[in-house]
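As structure tokens, the structure follows; a few thoughts come after it.
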Amino acid sequence: MLAISIAASVIANHFGLWPIGASVGLTGLLTASLFVLWRARLDRFEDVRLCDGELCVRRFRKGLLVDQRRFGLDRTRLMRCDDPDHGCRMICLERRGSRFCIAADLSPAERDRFARGLVEAVKSSGRVLPVVSATRTPTLAAQ
């Protein structure tokens with residue numbers, strides 16, 4: 001795409017249409033830079049582990065650790081925001097009134113399986129992770 005915009009820019013400049021050439025060239029450079037930024041944003045993942053009675057959530061970007069949080073299971077609960085049409089929209093760990101969203105890069109179906117698997121893993125360790133589910137319906141304007 002960048003090569004096509006540069007070629008079109010060179011051709012337009014050759015015929016003396018420099019405003020068109022400049023705009024096509026800049027549009028191509030802007031589009032290519034946006035693709036690079038979008039790809040860099042996608043190069044991330046989360047690691048959620050259950051160890052020693054705590055949930056450890058680590059976030060990585062480009063292979064580097066950027067955030068790590070620990071949640072003791074005694075006061076932590078799992079918040080789910082479900083939509084009847086689209087499934088599980090959001091999963092958050094809530095502790096002392098603050099929320100930390102996890103599994104944001106998953107699809108709604110994957111988020112649902114992840115939440116059920118997390119609750120089962122905590123249950124198999126002999127603890128209980130309370131689940132609070134909020135069902136949100138679309139607004140009337142969206143229907």
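We label chains A, B, ... in the order they appear in the structure tokens, count residues from 1 in each chain, and number ligands from 1 in the order shown.
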
- Message: Residues within 12 Å of region 6-16 of chain A, please, as a list in words. Count only C-alpha atoms; anything in the same chain fewer than 4 positions from it doesn't count.
- Response: Met1, Leu2, Ile20, Gly21, Ala22, Ser23, Val24, Gly25, Leu26, Thr27, Gly28, Leu29, Leu30 and Ala32 of chain A

Print the selection's residues with C-alpha atoms to a file, as a short mmCIF file (atom, residue, chain, number, x, y, z; two decimals), in the first residue's frame.
data_model
loop_
_atom_site.label_atom_id
_atom_site.label_comp_id
_atom_site.auth_asym_id
_atom_site.auth_seq_id
_atom_site.Cartn_x
_atom_site.Cartn_y
_atom_site.Cartn_z
CA MET A 1 0.00 0.00 0.00
CA LEU A 2 2.83 2.36 0.87
CA ILE A 20 -2.35 15.67 -5.47
CA GLY A 21 1.05 14.00 -5.24
CA ALA A 22 1.73 15.47 -1.82
CA SER A 23 -1.67 14.49 -0.45
CA VAL A 24 -1.46 10.93 -1.82
CA GLY A 25 2.07 10.50 -0.46
CA LEU A 26 1.18 11.85 2.98
CA THR A 27 -1.97 9.73 3.09
CA GLY A 28 0.08 6.64 2.35
CA LEU A 29 2.63 7.47 5.04
CA LEU A 30 -0.11 8.16 7.57
CA ALA A 32 1.33 2.90 7.03
#

- Assign secondary structure with DSSP using the backbone only, and return the residues of chain A in helix (DSSP H, G or I) as an NGL selection string. :A and (2-14 or 18-42 or 108-124 or 140-142)

Keeping only C-alpha atoms, write the selected residues to a file as an mmCIF file, in the first residue's frame.
data_model
loop_
_atom_site.group_PDB
_atom_site.id
_atom_site.type_symbol
_atom_site.label_atom_id
_atom_site.label_comp_id
_atom_site.auth_asym_id
_atom_site.auth_seq_id
_atom_site.Cartn_x
_atom_site.Cartn_y
_atom_site.Cartn_z
ATOM 1 C CA LEU A 2 2.827 2.365 0.865
ATOM 2 C CA ALA A 3 4.566 1.495 -2.411
ATOM 3 C CA ILE A 4 1.388 2.218 -4.386
ATOM 4 C CA SER A 5 0.907 5.608 -2.726
ATOM 5 C CA ILE A 6 4.555 6.554 -3.315
ATOM 6 C CA ALA A 7 4.308 5.482 -6.958
ATOM 7 C CA ALA A 8 1.088 7.487 -7.403
ATOM 8 C CA SER A 9 2.719 10.471 -5.724
ATOM 9 C CA VAL A 10 5.757 10.297 -8.030
ATOM 10 C CA ILE A 11 3.548 10.039 -11.112
ATOM 11 C CA ALA A 12 1.375 12.966 -10.013
ATOM 12 C CA ASN A 13 4.471 15.064 -9.263
ATOM 13 C CA HIS A 14 5.927 14.151 -12.663
ATOM 14 C CA TRP A 18 2.114 18.397 -6.872
ATOM 15 C CA PRO A 19 -0.886 19.049 -4.532
ATOM 16 C CA ILE A 20 -2.348 15.672 -5.475
ATOM 17 C CA GLY A 21 1.053 14.001 -5.245
ATOM 18 C CA ALA A 22 1.728 15.465 -1.821
ATOM 19 C CA SER A 23 -1.673 14.485 -0.448
ATOM 20 C CA VAL A 24 -1.460 10.933 -1.823
ATOM 21 C CA GLY A 25 2.067 10.502 -0.459
ATOM 22 C CA LEU A 26 1.178 11.849 2.985
ATOM 23 C CA THR A 27 -1.973 9.733 3.093
ATOM 24 C CA GLY A 28 0.083 6.635 2.345
ATOM 25 C CA LEU A 29 2.634 7.474 5.038
ATOM 26 C CA LEU A 30 -0.112 8.160 7.574
ATOM 27 C CA THR A 31 -1.894 4.907 6.759
ATOM 28 C CA ALA A 32 1.331 2.897 7.031
ATOM 29 C CA SER A 33 2.197 4.485 10.384
ATOM 30 C CA LEU A 34 -1.301 3.735 11.704
ATOM 31 C CA PHE A 35 -0.904 0.081 10.699
ATOM 32 C CA VAL A 36 2.414 -0.054 12.573
ATOM 33 C CA LEU A 37 0.835 1.479 15.693
ATOM 34 C CA TRP A 38 -2.157 -0.877 15.468
ATOM 35 C CA ARG A 39 0.141 -3.895 15.175
ATOM 36 C CA ALA A 40 2.225 -2.752 18.151
ATOM 37 C CA ARG A 41 -0.938 -2.480 20.229
ATOM 38 C CA LEU A 42 -1.886 -6.054 19.342
ATOM 39 C CA PRO A 108 -17.076 -12.740 24.236
ATOM 40 C CA ALA A 109 -17.273 -16.542 23.947
ATOM 41 C CA GLU A 110 -13.616 -16.925 24.975
ATOM 42 C CA ARG A 111 -14.172 -14.508 27.865
ATOM 43 C CA ASP A 112 -17.077 -16.627 29.084
ATOM 44 C CA ARG A 113 -14.975 -19.817 28.984
ATOM 45 C CA PHE A 114 -12.094 -18.008 30.677
ATOM 46 C CA ALA A 115 -14.327 -16.785 33.527
ATOM 47 C CA ARG A 116 -15.781 -20.260 34.087
ATOM 48 C CA GLY A 117 -12.316 -21.821 33.987
ATOM 49 C CA LEU A 118 -10.966 -19.270 36.457
ATOM 50 C CA VAL A 119 -13.798 -19.951 38.909
ATOM 51 C CA GLU A 120 -13.265 -23.713 38.569
ATOM 52 C CA ALA A 121 -9.498 -23.366 39.109
ATOM 53 C CA VAL A 122 -10.056 -21.350 42.274
ATOM 54 C CA LYS A 123 -12.669 -23.858 43.439
ATOM 55 C CA SER A 124 -10.268 -26.772 42.856
ATOM 56 C CA LEU A 140 -33.780 1.430 22.888
ATOM 57 C CA ALA A 141 -31.991 3.800 20.521
ATOM 58 C CA ALA A 142 -29.715 0.985 19.371
#

- Message: Given only C-alpha atoms as the basis, pick out the residue of A:Leu17, A:Met79, A:Val128, A:Ile102 nearest to Cys56 (chain A).
- Response: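 Among the listed residues, the smallest separation from Cys56 (chain A) belongs to A:Ile102.
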
- Query: Taking only C-alpha atoms into account, which of A:Lys62, A:Arg69, A:His86, A:Arg127 comes nearest Cys101 (chain A)?
  - Reply: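 When distances to Cys101 (chain A) are compared using only C-alpha atoms, the smallest one comes from A:Arg69.
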
Output as an mmCIF file with C-alpha atoms, in the first residue's frame all residues of region 31-116 of chain A that backbone DSSP marks as strand (DSSP E or B).
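The new file selection11.cif reads:
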data_model
loop_
_atom_site.group_PDB
_atom_site.id
_atom_site.type_symbol
_atom_site.label_atom_id
_atom_site.label_comp_id
_atom_site.auth_asym_id
_atom_site.auth_seq_id
_atom_site.Cartn_x
_atom_site.Cartn_y
_atom_site.Cartn_z
ATOM 1 C CA ARG A 44 0.363 -7.922 24.065
ATOM 2 C CA PHE A 45 -0.871 -10.700 26.319
ATOM 3 C CA GLU A 46 -1.873 -11.453 29.899
ATOM 4 C CA ASP A 47 -0.734 -14.202 32.194
ATOM 5 C CA VAL A 48 -3.205 -15.076 34.970
ATOM 6 C CA ARG A 49 -1.954 -17.563 37.554
ATOM 7 C CA LEU A 50 -3.266 -18.923 40.817
ATOM 8 C CA CYS A 51 -0.488 -19.445 43.335
ATOM 9 C CA GLU A 54 -3.529 -15.309 45.272
ATOM 10 C CA LEU A 55 -4.410 -14.468 41.708
ATOM 11 C CA CYS A 56 -1.387 -12.992 39.956
ATOM 12 C CA VAL A 57 -2.156 -11.039 36.776
ATOM 13 C CA ARG A 58 0.827 -10.057 34.651
ATOM 14 C CA ARG A 59 0.544 -8.004 31.471
ATOM 15 C CA PHE A 60 3.176 -8.103 28.763
ATOM 16 C CA ARG A 61 3.700 -5.849 25.773
ATOM 17 C CA LEU A 64 8.236 -7.085 28.322
ATOM 18 C CA LEU A 65 6.408 -7.060 31.640
ATOM 19 C CA VAL A 66 4.440 -3.795 31.892
ATOM 20 C CA ASP A 67 2.078 -4.464 34.810
ATOM 21 C CA GLN A 68 1.732 -6.999 37.590
ATOM 22 C CA ARG A 69 -1.003 -7.182 40.211
ATOM 23 C CA ARG A 70 -1.802 -9.651 42.964
ATOM 24 C CA PHE A 71 -5.275 -10.275 44.328
ATOM 25 C CA GLY A 72 -5.816 -12.130 47.563
ATOM 26 C CA THR A 76 -11.703 -10.509 45.674
ATOM 27 C CA ARG A 77 -14.710 -11.162 43.490
ATOM 28 C CA LEU A 78 -15.168 -11.643 39.779
ATOM 29 C CA MET A 79 -17.404 -9.092 38.046
ATOM 30 C CA ARG A 80 -18.988 -10.058 34.745
ATOM 31 C CA CYS A 81 -20.864 -7.758 32.421
ATOM 32 C CA ASP A 82 -23.052 -9.878 30.160
ATOM 33 C CA ASP A 83 -25.069 -8.836 27.144
ATOM 34 C CA GLY A 87 -22.266 -12.667 25.509
ATOM 35 C CA CYS A 88 -19.672 -11.713 28.095
ATOM 36 C CA ARG A 89 -18.583 -8.137 27.378
ATOM 37 C CA MET A 90 -16.194 -7.574 30.277
ATOM 38 C CA ILE A 91 -14.514 -9.410 33.159
ATOM 39 C CA CYS A 92 -13.080 -7.510 36.113
ATOM 40 C CA LEU A 93 -11.493 -8.499 39.383
ATOM 41 C CA GLU A 94 -12.914 -6.308 42.129
ATOM 42 C CA ARG A 95 -11.280 -5.763 45.482
ATOM 43 C CA SER A 98 -11.557 -0.926 42.780
ATOM 44 C CA ARG A 99 -11.870 -2.869 39.533
ATOM 45 C CA PHE A 100 -9.149 -4.308 37.342
ATOM 46 C CA CYS A 101 -10.354 -5.565 33.941
ATOM 47 C CA ILE A 102 -8.815 -8.731 32.543
#

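Between Arg75 (chain A) and the residues A:Leu106, A:Asp43, A:Gly63, A:Leu129, the shortest atom-to-atom distance, using only C-alpha atoms, involves A:Leu129.
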